file work-v1.txt (compact mmCIF, C-alpha atoms and all ligand atoms)
# COMPACT_ATOMS: atom_id res chain seq x y z
CA MET A 1 65.97 88.44 -71.56
CA SER A 2 69.40 87.46 -72.83
CA VAL A 3 70.22 83.87 -73.62
CA THR A 4 72.64 82.27 -71.19
CA PRO A 5 75.11 79.40 -71.68
CA GLN A 6 72.79 77.36 -69.44
CA ASP A 7 69.89 77.94 -71.89
CA PHE A 8 71.95 76.37 -74.68
CA ALA A 9 73.02 73.50 -72.41
CA ALA A 10 69.33 72.88 -71.62
CA ALA A 11 68.17 72.83 -75.27
CA ALA A 12 66.36 69.49 -75.73
CA ASN A 13 66.11 69.42 -79.52
CA MET A 14 67.03 71.22 -82.76
CA GLN A 15 63.96 73.48 -82.70
CA GLU A 16 64.76 74.73 -79.21
CA LEU A 17 68.31 75.48 -80.41
CA TYR A 18 66.94 77.45 -83.41
CA ASP A 19 64.64 79.43 -81.09
CA LEU A 20 67.59 80.34 -78.86
CA LEU A 21 69.76 81.32 -81.87
CA ALA A 22 67.01 83.59 -83.19
CA ARG A 23 67.04 85.46 -79.86
CA CYS A 24 70.83 86.05 -80.24
CA ASN A 25 70.67 87.48 -83.80
CA VAL A 26 72.43 84.41 -85.09
CA GLN A 27 71.46 82.34 -88.12
CA ASN A 28 72.45 78.71 -88.31
CA GLY A 29 74.79 78.17 -91.27
CA TRP A 30 73.62 74.66 -92.16
CA ASN A 31 69.87 74.90 -92.73
CA LYS A 32 69.12 78.03 -94.78
CA PRO A 33 66.66 78.47 -97.63
CA GLU A 34 69.50 79.75 -99.89
CA PRO A 35 73.14 78.63 -99.66
CA SER A 36 75.76 81.39 -99.22
CA LEU A 37 78.23 79.69 -101.51
CA TRP A 38 77.49 77.99 -104.80
CA PRO A 39 79.52 76.24 -107.47
CA LEU A 40 79.30 78.71 -110.37
CA PRO A 41 78.38 82.39 -110.87
CA THR A 42 74.67 83.06 -111.04
CA ILE A 43 73.33 85.32 -113.77
CA ASP A 44 71.36 88.42 -112.86
CA PHE A 45 72.49 91.23 -115.19
CA LYS A 46 71.81 90.38 -118.82
CA PRO A 47 73.17 91.99 -122.00
CA ALA A 48 71.56 95.29 -123.04
CA ALA A 49 72.23 97.95 -125.66
CA TRP A 50 71.62 101.68 -126.06
CA SER A 51 71.64 103.73 -129.25
CA TYR A 52 73.66 106.90 -129.59
CA ALA A 53 71.20 108.32 -132.14
CA GLN A 54 68.47 108.08 -129.48
CA ALA A 55 70.68 109.30 -126.63
CA ARG A 56 71.88 112.28 -128.69
CA ALA A 57 68.30 113.38 -129.38
CA ALA A 58 67.47 112.94 -125.68
CA LEU A 59 70.48 115.07 -124.70
CA ASP A 60 69.43 117.78 -127.16
CA ALA A 61 65.99 117.80 -125.55
CA ALA A 62 67.59 117.93 -122.09
CA GLY A 63 69.64 120.86 -123.38
CA ARG A 64 66.42 122.83 -123.80
CA PHE A 65 65.35 122.30 -120.18
CA VAL A 66 68.47 121.63 -118.09
CA ASN A 67 71.38 124.05 -117.78
CA THR A 68 74.70 123.50 -116.01
CA GLU A 69 73.62 125.80 -113.15
CA LEU A 70 70.86 123.33 -112.31
CA ALA A 71 72.70 120.11 -113.12
CA GLU A 72 76.06 118.92 -111.86
CA ARG A 73 76.22 117.09 -115.19
CA ARG A 74 73.75 116.91 -118.09
CA ASN A 75 74.04 113.15 -118.36
CA LEU A 76 71.90 110.13 -119.10
CA ILE A 77 72.64 107.06 -116.96
CA LEU A 78 72.52 103.74 -118.80
CA ALA A 79 70.80 101.69 -116.09
CA ASN A 80 70.60 98.07 -117.16
CA PRO A 81 66.87 97.30 -117.65
CA THR A 82 67.23 93.53 -117.24
CA VAL A 83 67.36 93.63 -113.43
CA ALA A 84 64.03 94.54 -111.81
CA GLY A 85 64.12 97.94 -110.13
CA ASN A 86 67.67 98.77 -111.26
CA LEU A 87 68.20 102.52 -111.46
CA TYR A 88 71.94 102.72 -111.84
CA PRO A 89 74.58 100.15 -112.88
CA SER A 90 75.00 99.13 -116.53
CA VAL A 91 76.78 95.96 -115.41
CA LYS A 92 77.37 94.89 -111.79
CA THR A 93 80.58 96.86 -111.33
CA LEU A 94 80.37 99.74 -113.82
CA VAL A 95 78.05 102.43 -115.08
CA ALA A 96 78.00 104.27 -118.38
CA ALA A 97 76.33 107.56 -119.27
CA TYR A 98 75.97 109.91 -122.22
CA GLN A 99 76.79 113.55 -121.57
CA MET A 100 76.41 116.79 -123.53
CA VAL A 101 77.94 120.22 -122.90
CA LYS A 102 76.58 122.93 -125.14
CA ALA A 103 78.70 125.26 -127.24
CA GLY A 104 80.21 127.91 -124.96
CA GLU A 105 79.07 126.13 -121.80
CA GLN A 106 81.07 124.79 -118.85
CA ALA A 107 80.36 121.95 -116.43
CA ARG A 108 81.70 122.84 -112.98
CA SER A 109 84.79 121.15 -111.53
CA HIS A 110 84.56 118.54 -108.81
CA ARG A 111 86.40 115.47 -107.59
CA HIS A 112 85.31 112.10 -106.30
CA THR A 113 86.77 108.75 -105.31
CA ALA A 114 85.06 107.14 -108.29
CA ASN A 115 87.43 106.57 -111.21
CA ALA A 116 86.04 107.81 -114.50
CA LEU A 117 86.84 108.01 -118.16
CA ARG A 118 85.19 109.44 -121.24
CA LEU A 119 84.98 108.39 -124.87
CA VAL A 120 84.53 111.51 -127.01
CA LEU A 121 81.86 111.18 -129.69
CA GLU A 122 81.36 114.64 -131.21
CA THR A 123 83.11 117.94 -130.56
CA GLY A 124 84.07 121.08 -132.41
CA GLU A 125 87.47 122.66 -132.05
CA ASN A 126 88.44 123.78 -128.53
CA ALA A 127 86.43 121.47 -126.35
CA PHE A 128 88.34 120.52 -123.20
CA THR A 129 88.15 118.47 -120.06
CA ILE A 130 90.13 120.26 -117.35
CA VAL A 131 91.95 117.65 -115.22
CA ASP A 132 94.01 118.86 -112.25
CA GLY A 133 94.54 122.30 -113.80
CA LEU A 134 95.40 121.18 -117.34
CA LYS A 135 93.17 121.53 -120.40
CA ILE A 136 92.94 118.21 -122.19
CA PRO A 137 91.62 118.44 -125.76
CA MET A 138 88.50 116.39 -126.52
CA GLU A 139 88.48 115.09 -130.07
CA PRO A 140 86.23 112.34 -131.46
CA GLY A 141 87.59 108.90 -130.55
CA ASP A 142 89.74 110.22 -127.70
CA VAL A 143 89.65 108.39 -124.38
CA LEU A 144 90.26 110.69 -121.40
CA LEU A 145 90.91 109.60 -117.82
CA THR A 146 89.87 111.29 -114.61
CA PRO A 147 91.34 109.03 -111.92
CA ASN A 148 90.21 108.78 -108.29
CA TRP A 149 90.21 112.22 -106.58
CA SER A 150 91.47 114.22 -109.58
CA TRP A 151 89.74 117.58 -110.11
CA HIS A 152 87.78 117.66 -113.34
CA GLY A 153 85.37 119.92 -115.17
CA HIS A 154 84.37 120.35 -118.80
CA SER A 155 84.80 123.50 -120.87
CA ASN A 156 83.29 123.58 -124.34
CA GLU A 157 84.86 126.59 -126.06
CA ALA A 158 83.72 125.37 -129.49
CA THR A 159 80.82 126.67 -131.58
CA SER A 160 79.03 123.29 -131.53
CA ASN A 161 77.75 121.04 -128.75
CA ALA A 162 80.05 118.36 -127.35
CA TYR A 163 78.81 114.79 -126.82
CA TRP A 164 80.62 111.93 -125.14
CA MET A 165 80.21 108.78 -123.06
CA ASP A 166 81.24 108.52 -119.42
CA PHE A 167 82.23 105.29 -117.68
CA LEU A 168 82.64 105.08 -113.91
CA ASP A 169 83.31 102.47 -111.21
CA VAL A 170 80.62 103.98 -108.95
CA PRO A 171 78.84 100.61 -108.45
CA MET A 172 82.04 99.27 -106.83
CA ILE A 173 82.06 102.28 -104.52
CA HIS A 174 78.39 101.77 -103.71
CA LEU A 175 79.20 98.19 -102.69
CA ASN A 176 82.39 98.90 -100.76
CA GLY A 177 81.49 102.25 -99.25
CA PRO A 178 84.46 104.62 -99.84
CA MET A 179 82.38 107.44 -101.37
CA PHE A 180 83.83 110.97 -101.21
CA PHE A 181 82.84 113.91 -103.42
CA GLU A 182 83.53 117.64 -103.32
CA HIS A 183 83.07 120.73 -105.44
CA HIS A 184 86.02 122.82 -106.56
CA PRO A 185 86.14 126.10 -104.59
CA GLU A 186 86.37 128.09 -107.84
CA LYS A 187 83.43 126.41 -109.55
CA VAL A 188 85.36 125.78 -112.78
CA GLU A 189 89.00 125.08 -111.99
CA PRO A 190 91.20 127.75 -113.63
CA ALA A 191 93.40 126.35 -116.39
CA SER A 192 95.30 127.96 -119.23
CA GLU A 193 97.82 125.34 -120.31
CA ILE A 194 96.69 122.87 -122.96
CA SER A 195 98.10 119.38 -122.44
CA ALA A 196 97.48 117.40 -125.64
CA ASP A 197 99.91 114.64 -124.65
CA SER A 198 98.72 114.23 -121.07
CA PRO A 199 99.00 110.66 -119.68
CA ASN A 200 95.26 111.05 -119.08
CA ARG A 201 94.60 111.24 -122.83
CA PHE A 202 94.63 108.42 -125.38
CA SER A 203 94.06 110.22 -128.67
CA PHE A 204 92.23 108.31 -131.38
CA ALA A 205 95.10 109.03 -133.78
CA GLN A 206 97.53 107.31 -131.39
CA THR A 207 95.12 104.40 -130.79
CA ARG A 208 94.73 103.82 -134.54
CA GLU A 209 98.48 103.94 -135.04
CA ARG A 210 99.17 101.45 -132.24
CA LEU A 211 96.52 99.07 -133.60
CA ALA A 212 98.00 99.20 -137.09
CA GLY A 213 101.20 97.73 -135.62
CA ALA A 214 99.56 95.25 -133.22
CA ALA A 215 99.57 91.48 -133.73
CA GLU A 216 96.39 89.64 -134.72
CA VAL A 217 94.55 87.91 -131.88
CA ALA A 218 92.12 86.26 -134.32
CA PRO A 219 91.82 86.49 -138.12
CA GLY A 220 91.27 90.19 -138.94
CA VAL A 221 91.19 91.17 -135.24
CA ARG A 222 93.83 93.21 -133.40
CA ARG A 223 93.77 94.41 -129.81
CA ILE A 224 95.67 96.86 -127.64
CA GLU A 225 95.39 97.97 -124.03
CA LEU A 226 95.20 101.65 -123.13
CA GLY A 227 97.35 102.09 -120.01
CA ALA A 228 98.50 99.15 -117.94
CA PRO A 229 95.90 99.33 -116.56
CA ALA A 230 94.37 102.74 -117.31
CA LEU A 231 92.75 103.06 -113.88
CA ARG A 232 93.12 101.08 -110.63
CA THR A 233 89.71 99.45 -111.07
CA ILE A 234 88.98 99.78 -114.79
CA GLY A 235 90.79 98.23 -117.76
CA LEU A 236 90.57 99.67 -121.27
CA HIS A 237 91.11 97.67 -124.44
CA VAL A 238 90.52 98.63 -128.06
CA TYR A 239 89.77 95.97 -130.65
CA ARG A 240 90.02 96.60 -134.37
CA LEU A 241 88.01 94.30 -136.60
CA GLU A 242 88.50 94.35 -140.33
CA ALA A 243 85.36 94.34 -142.49
CA GLY A 244 83.79 90.90 -142.20
CA ALA A 245 85.94 89.85 -139.22
CA ARG A 246 84.52 87.98 -136.25
CA LEU A 247 85.53 88.02 -132.62
CA HIS A 248 84.50 85.33 -130.17
CA VAL A 249 84.75 86.07 -126.45
CA GLY A 250 84.26 83.15 -124.08
CA LYS A 251 82.11 83.11 -120.97
CA SER A 252 83.99 84.56 -118.00
CA THR A 253 83.58 86.55 -114.80
CA LEU A 254 84.53 89.79 -116.60
CA SER A 255 81.90 92.53 -116.69
CA ALA A 256 82.32 95.05 -119.49
CA ILE A 257 80.68 97.86 -121.38
CA TRP A 258 81.55 98.01 -125.07
CA ALA A 259 81.43 101.16 -127.16
CA PRO A 260 82.04 101.16 -130.91
CA MET A 261 84.42 104.07 -131.67
CA GLN A 262 84.00 103.58 -135.40
CA GLY A 263 82.21 101.16 -137.73
CA ARG A 264 79.15 98.99 -137.35
CA GLY A 265 78.10 95.37 -137.08
CA GLU A 266 76.35 92.98 -134.76
CA ALA A 267 77.04 91.63 -131.27
CA SER A 268 75.42 88.37 -130.24
CA PHE A 269 75.19 87.03 -126.67
CA ASP A 270 74.25 83.37 -126.44
CA GLY A 271 71.92 83.93 -129.39
CA VAL A 272 70.52 87.38 -128.48
CA ALA A 273 71.79 89.84 -131.11
CA PHE A 274 72.17 93.61 -131.10
CA ALA A 275 73.04 95.63 -134.20
CA PHE A 276 75.56 98.31 -133.28
CA ALA A 277 76.89 101.54 -134.78
CA ARG A 278 79.44 104.13 -133.69
CA GLY A 279 78.64 105.64 -130.29
CA ASP A 280 76.25 102.92 -129.13
CA ALA A 281 76.75 101.23 -125.76
CA ILE A 282 76.54 97.49 -125.16
CA ALA A 283 76.49 96.06 -121.64
CA ALA A 284 78.24 92.67 -121.47
CA PRO A 285 77.73 91.32 -117.96
CA LEU A 286 79.61 88.33 -116.61
CA GLY A 287 78.45 84.94 -117.74
CA PHE A 288 77.69 85.40 -121.44
CA ALA A 289 79.65 84.20 -124.47
CA GLN A 290 79.90 86.93 -127.10
CA ASN A 291 80.19 86.89 -130.87
CA TRP A 292 81.04 90.13 -132.63
CA ARG A 293 80.89 90.66 -136.36
CA ALA A 294 82.03 93.81 -138.17
CA GLU A 295 80.31 94.93 -141.35
CA GLU A 296 83.03 97.46 -142.04
CA GLU A 297 86.32 98.31 -140.34
CA THR A 298 85.32 98.67 -136.70
CA TYR A 299 87.03 99.93 -133.55
CA LEU A 300 85.51 98.74 -130.27
CA LEU A 301 86.38 100.16 -126.87
CA ARG A 302 85.97 97.63 -124.07
CA VAL A 303 85.67 99.14 -120.58
CA SER A 304 85.94 96.37 -118.00
CA ASP A 305 86.52 95.50 -114.36
CA GLU A 306 89.55 93.40 -115.33
CA PRO A 307 92.13 95.07 -113.00
CA PHE A 308 89.75 94.74 -110.05
CA LEU A 309 89.19 91.05 -110.81
CA THR A 310 92.81 90.14 -111.56
CA LYS A 311 94.07 91.81 -108.39
CA ASN A 312 91.82 89.47 -106.43
CA GLU A 313 92.34 86.42 -108.66
CA TRP A 314 88.63 86.51 -109.53
CA LEU A 315 89.04 86.65 -113.30
CA ARG A 316 88.04 83.14 -114.39
CA GLU A 317 86.51 81.40 -117.33
CA ILE A 318 83.03 80.01 -116.71
CA PRO A 319 82.45 76.54 -118.18
O1 LIG B 1 81.59 114.30 -115.98
O2 LIG B 1 82.38 114.32 -113.98
O3 LIG B 1 78.24 110.72 -116.18
O4 LIG B 1 81.05 112.99 -112.12
C1 LIG B 1 78.66 110.90 -113.87
C2 LIG B 1 79.39 111.49 -112.84
C3 LIG B 1 79.88 112.23 -115.44
C4 LIG B 1 81.60 113.87 -114.81
C5 LIG B 1 78.93 111.28 -115.17
C6 LIG B 1 80.35 112.44 -113.13
C7 LIG B 1 80.60 112.83 -114.44
FE FE2 B 2 82.91 113.66 -112.14
call {"tool": "encode", "arguments": {"input": "work-v1.txt", "output": "structure tokens"}}
result
Amino acid sequence: MSVTPQDFAAAANMQELYDLLARCNVQNGWNKPEPSLWPLPTIDFKPAAWSYAQARAALDAAGRFVNTELAERRNLILANPTVAGNLYPSVKTLVAAYQMVKAGEQARSHRHTANALRLVLETGENAFTIVDGLKIPMEPGDVLLTPNWSWHGHSNEATSNAYWMDFLDVPMIHLNGPMFFEHHPEKVEPASEISADSPNRFSFAQTRERLAGAAEVAPGVRRIELGAPALRTIGLHVYRLEAGARLHVGKSTLSAIWAPMQGRGEASFDGVAFAFARGDAIAAPLGFAQNWRAEEETYLLRVSDEPFLTKNEWLREIP
């Protein structure tokens, strides 16, 4: 029986009001076990790290059992283990994966509303990502973009396997709902033209050159942005630390995944330290101060949700 205005008028006490509200699918906003708003961000995702040496061996094993007929992608999702039951995001807003395409193999073309990028770790000559009909060379240290709804597939025409890292904003799409995905009608999109200077490619050579001319942001530390921003939802920055240099990053609402493009050292999050080497992945969720130290000259790619946060004025320091 539906609740009438007269029922509310007749309520004799608070409990009777609560009983009526429950029958209308309404929760009172003043007496809840958990508040809906609170003064400062809560911490759920914690820092985590993955080793490329381990991931590479896992991909080689997968290469023995999983072919590109069976798999849309031969990839390993870096699900952050610090949140109980988490099977997908690396940080709240982003996911990273390792992927391998064998020598002579192709990964079929598709498109999706998720924005994606790759950091190339190992390739022979003539490994390509095909983006909207153009072959983009994949060389170690390159960062390649596949923006929202662009066709993309991978074609490894080299004599050795190709390994890289993928980064996607899929967790934002899971939250907001605008998920679309389709296969290319021709399986692998035909492409003959090689586009080495595509706006979707930031070659490592060009990144190194730009960093050499960039101003210091801290002693021995330089930083550039790739694109402005690279993707609507994802910002890309590369930091170069000289041997022995340190980088402090304050606590903020930014969520990022860091990937050393070269070098090695240690990253410490409020006292919890991870040694890192080239190709590793380090999840830096919101709410942790970071201290990076380079043991040799080190290039770090930072993949973050900065454009998404700044657009909404949600990028803030956390005291
Ligand atoms: O290479 O297109 O790791 O669509 C996850 C989803 C890679 C890709 C991933 C993808 C891709
Ligand atoms: Fe994709």
call {"tool": "residues_around", "arguments": {"input": "work-v1.txt", "residues": "A:Ala259", "least_positions_apart": "4", "cutoff": "8 Å", "atoms": "all atoms listed in the file", "output": "VMD selection string"}}
result
chain A and resid 278 to 282 300 to 302
call {"tool": "residues_near_point", "arguments": {"input": "work-v1.txt", "point": "(77.4, 120.9, -113.7)", "cutoff": "10 Å", "atoms": "all atoms listed in the file", "output": "count of residues only"}}
result
21
call {"tool": "closest_residue", "arguments": {"input": "work-v1.txt", "among": "A:Leu134, A:Met14, A:Ala245, A:Leu315", "to": "A:Val221", "atoms": "only C-alpha atoms"}}
result
A:Ala245
call {"tool": "atom_distance", "arguments": {"input": "work-v1.txt", "atom1": "atom CA of A:Ala277", "atom2": "atom CA of A:Ala79"}}
result
19.7 Å
call {"tool": "closest_atom_pairs", "arguments": {"input": "work-v1.txt", "of": "chain A", "to": "ligand FE2 2 (chain B)", "cutoff": "7 Å", "atoms": "all atoms listed in the file", "output": "CSV"}}
result
residue,atom,partner,partner_atom,distance
A:His110,CA,B:FE2_2,FE,6.1
A:Arg111,CA,B:FE2_2,FE,6.0
A:His112,CA,B:FE2_2,FE,6.5
A:His152,CA,B:FE2_2,FE,6.4
call {"tool": "residues_around", "arguments": {"input": "work-v1.txt", "residues": "A:Leu175", "least_positions_apart": "6", "cutoff": "12 Å", "atoms": "all atoms listed in the file", "output": "list in words"}}
result
Pro89, Lys92, Thr93, Leu94 and Asp169 of chain A
call {"tool": "write_last_selection", "arguments": {"input": "work-v1.txt", "atoms": "C-alpha atoms", "output": "PDB file, in the coordinates of the input"}}
result
ATOM      1  CA  PRO A  89      74.580 100.150-112.880  1.00  0.00           C
ATOM      2  CA  LYS A  92      77.370  94.890-111.790  1.00  0.00           C
ATOM      3  CA  THR A  93      80.580  96.860-111.330  1.00  0.00           C
ATOM      4  CA  LEU A  94      80.370  99.740-113.820  1.00  0.00           C
ATOM      5  CA  ASP A 169      83.310 102.470-111.210  1.00  0.00           C
TER       6      ASP A 169
END
call {"tool": "closest_residue", "arguments": {"input": "work-v1.txt", "among": "A:Asp19, A:Asp44, A:Glu157, A:Asp305", "to": "A:Asn115", "atoms": "all atoms listed in the file"}}
result
A:Asp305
call {"tool": "closest_residue", "arguments": {"input": "work-v1.txt", "among": "A:Asn31, A:Gln6, A:Thr146, A:Thr42", "to": "ligand LIG 1 (chain B)", "atoms": "all atoms listed in the file"}}
result
A:Thr146
call {"tool": "residues_around", "arguments": {"input": "work-v1.txt", "residues": "A:Ala196", "least_positions_apart": "5", "cutoff": "10 Å", "atoms": "all atoms listed in the file", "output": "compact mmCIF listing (two decimals) with C-alpha atoms, keeping the file's coordinate frame"}}
result
# COMPACT_ATOMS: atom_id res chain seq x y z
CA PHE A 128 88.34 120.52 -123.20
CA LEU A 134 95.40 121.18 -117.34
CA LYS A 135 93.17 121.53 -120.40
CA ILE A 136 92.94 118.21 -122.19
CA PRO A 137 91.62 118.44 -125.76
CA MET A 138 88.50 116.39 -126.52
CA ARG A 201 94.60 111.24 -122.83
CA PHE A 202 94.63 108.42 -125.38
CA SER A 203 94.06 110.22 -128.67
call {"tool": "build_atoms", "arguments": {"input": "work-v1.txt", "residues": "stretch 13-33 of chain A", "atoms": "N, CA and C atoms", "output": "PDB file, keeping the file's coordinate frame"}}
result
ATOM      1  N   ASN A  13      66.178  69.874 -78.132  1.00  0.00           N
ATOM      2  CA  ASN A  13      66.110  69.420 -79.520  1.00  0.00           C
ATOM      3  C   ASN A  13      66.524  70.574 -80.456  1.00  0.00           C
ATOM      4  N   MET A  14      66.596  70.265 -81.737  1.00  0.00           N
ATOM      5  CA  MET A  14      67.030  71.220 -82.760  1.00  0.00           C
ATOM      6  C   MET A  14      66.177  72.479 -82.754  1.00  0.00           C
ATOM      7  N   GLN A  15      64.850  72.322 -82.638  1.00  0.00           N
ATOM      8  CA  GLN A  15      63.960  73.480 -82.700  1.00  0.00           C
ATOM      9  C   GLN A  15      64.224  74.423 -81.525  1.00  0.00           C
ATOM     10  N   GLU A  16      64.464  73.871 -80.373  1.00  0.00           N
ATOM     11  CA  GLU A  16      64.760  74.730 -79.210  1.00  0.00           C
ATOM     12  C   GLU A  16      66.067  75.489 -79.431  1.00  0.00           C
ATOM     13  N   LEU A  17      67.045  74.805 -80.073  1.00  0.00           N
ATOM     14  CA  LEU A  17      68.310  75.480 -80.410  1.00  0.00           C
ATOM     15  C   LEU A  17      68.058  76.640 -81.374  1.00  0.00           C
ATOM     16  N   TYR A  18      67.247  76.384 -82.442  1.00  0.00           N
ATOM     17  CA  TYR A  18      66.940  77.450 -83.410  1.00  0.00           C
ATOM     18  C   TYR A  18      66.255  78.620 -82.710  1.00  0.00           C
ATOM     19  N   ASP A  19      65.350  78.352 -81.799  1.00  0.00           N
ATOM     20  CA  ASP A  19      64.640  79.430 -81.090  1.00  0.00           C
ATOM     21  C   ASP A  19      65.623  80.267 -80.269  1.00  0.00           C
ATOM     22  N   LEU A  20      66.583  79.601 -79.642  1.00  0.00           N
ATOM     23  CA  LEU A  20      67.590  80.340 -78.860  1.00  0.00           C
ATOM     24  C   LEU A  20      68.477  81.178 -79.779  1.00  0.00           C
ATOM     25  N   LEU A  21      68.900  80.582 -80.917  1.00  0.00           N
ATOM     26  CA  LEU A  21      69.760  81.320 -81.870  1.00  0.00           C
ATOM     27  C   LEU A  21      69.063  82.577 -82.369  1.00  0.00           C
ATOM     28  N   ALA A  22      67.768  82.446 -82.672  1.00  0.00           N
ATOM     29  CA  ALA A  22      67.010  83.590 -83.190  1.00  0.00           C
ATOM     30  C   ALA A  22      67.037  84.741 -82.191  1.00  0.00           C
ATOM     31  N   ARG A  23      67.017  84.412 -80.897  1.00  0.00           N
ATOM     32  CA  ARG A  23      67.040  85.460 -79.860  1.00  0.00           C
ATOM     33  C   ARG A  23      68.420  86.093 -79.726  1.00  0.00           C
ATOM     34  N   CYS A  24      69.456  85.505 -80.297  1.00  0.00           N
ATOM     35  CA  CYS A  24      70.830  86.050 -80.240  1.00  0.00           C
ATOM     36  C   CYS A  24      71.255  86.718 -81.543  1.00  0.00           C
ATOM     37  N   ASN A  25      70.320  86.928 -82.479  1.00  0.00           N
ATOM     38  CA  ASN A  25      70.670  87.480 -83.800  1.00  0.00           C
ATOM     39  C   ASN A  25      71.710  86.626 -84.520  1.00  0.00           C
ATOM     40  N   VAL A  26      71.522  85.331 -84.430  1.00  0.00           N
ATOM     41  CA  VAL A  26      72.430  84.410 -85.090  1.00  0.00           C
ATOM     42  C   VAL A  26      71.613  83.495 -85.990  1.00  0.00           C
ATOM     43  N   GLN A  27      72.104  83.271 -87.197  1.00  0.00           N
ATOM     44  CA  GLN A  27      71.460  82.340 -88.120  1.00  0.00           C
ATOM     45  C   GLN A  27      72.292  81.071 -88.154  1.00  0.00           C
ATOM     46  N   ASN A  28      71.658  79.926 -88.113  1.00  0.00           N
ATOM     47  CA  ASN A  28      72.450  78.710 -88.310  1.00  0.00           C
ATOM     48  C   ASN A  28      72.978  78.715 -89.745  1.00  0.00           C
ATOM     49  N   GLY A  29      74.170  78.161 -89.939  1.00  0.00           N
ATOM     50  CA  GLY A  29      74.790  78.170 -91.270  1.00  0.00           C
ATOM     51  C   GLY A  29      74.523  76.912 -92.066  1.00  0.00           C
ATOM     52  N   TRP A  30      73.767  75.956 -91.484  1.00  0.00           N
ATOM     53  CA  TRP A  30      73.620  74.660 -92.160  1.00  0.00           C
ATOM     54  C   TRP A  30      72.234  74.414 -92.723  1.00  0.00           C
ATOM     55  N   ASN A  31      71.251  75.199 -92.295  1.00  0.00           N
ATOM     56  CA  ASN A  31      69.870  74.900 -92.730  1.00  0.00           C
ATOM     57  C   ASN A  31      69.201  76.186 -93.166  1.00  0.00           C
ATOM     58  N   LYS A  32      69.671  76.749 -94.312  1.00  0.00           N
ATOM     59  CA  LYS A  32      69.120  78.030 -94.780  1.00  0.00           C
ATOM     60  C   LYS A  32      68.376  77.796 -96.079  1.00  0.00           C
ATOM     61  N   PRO A  33      67.389  78.642 -96.364  1.00  0.00           N
ATOM     62  CA  PRO A  33      66.660  78.470 -97.630  1.00  0.00           C
ATOM     63  C   PRO A  33      67.584  78.629 -98.842  1.00  0.00           C
TER      64      PRO A  33
END
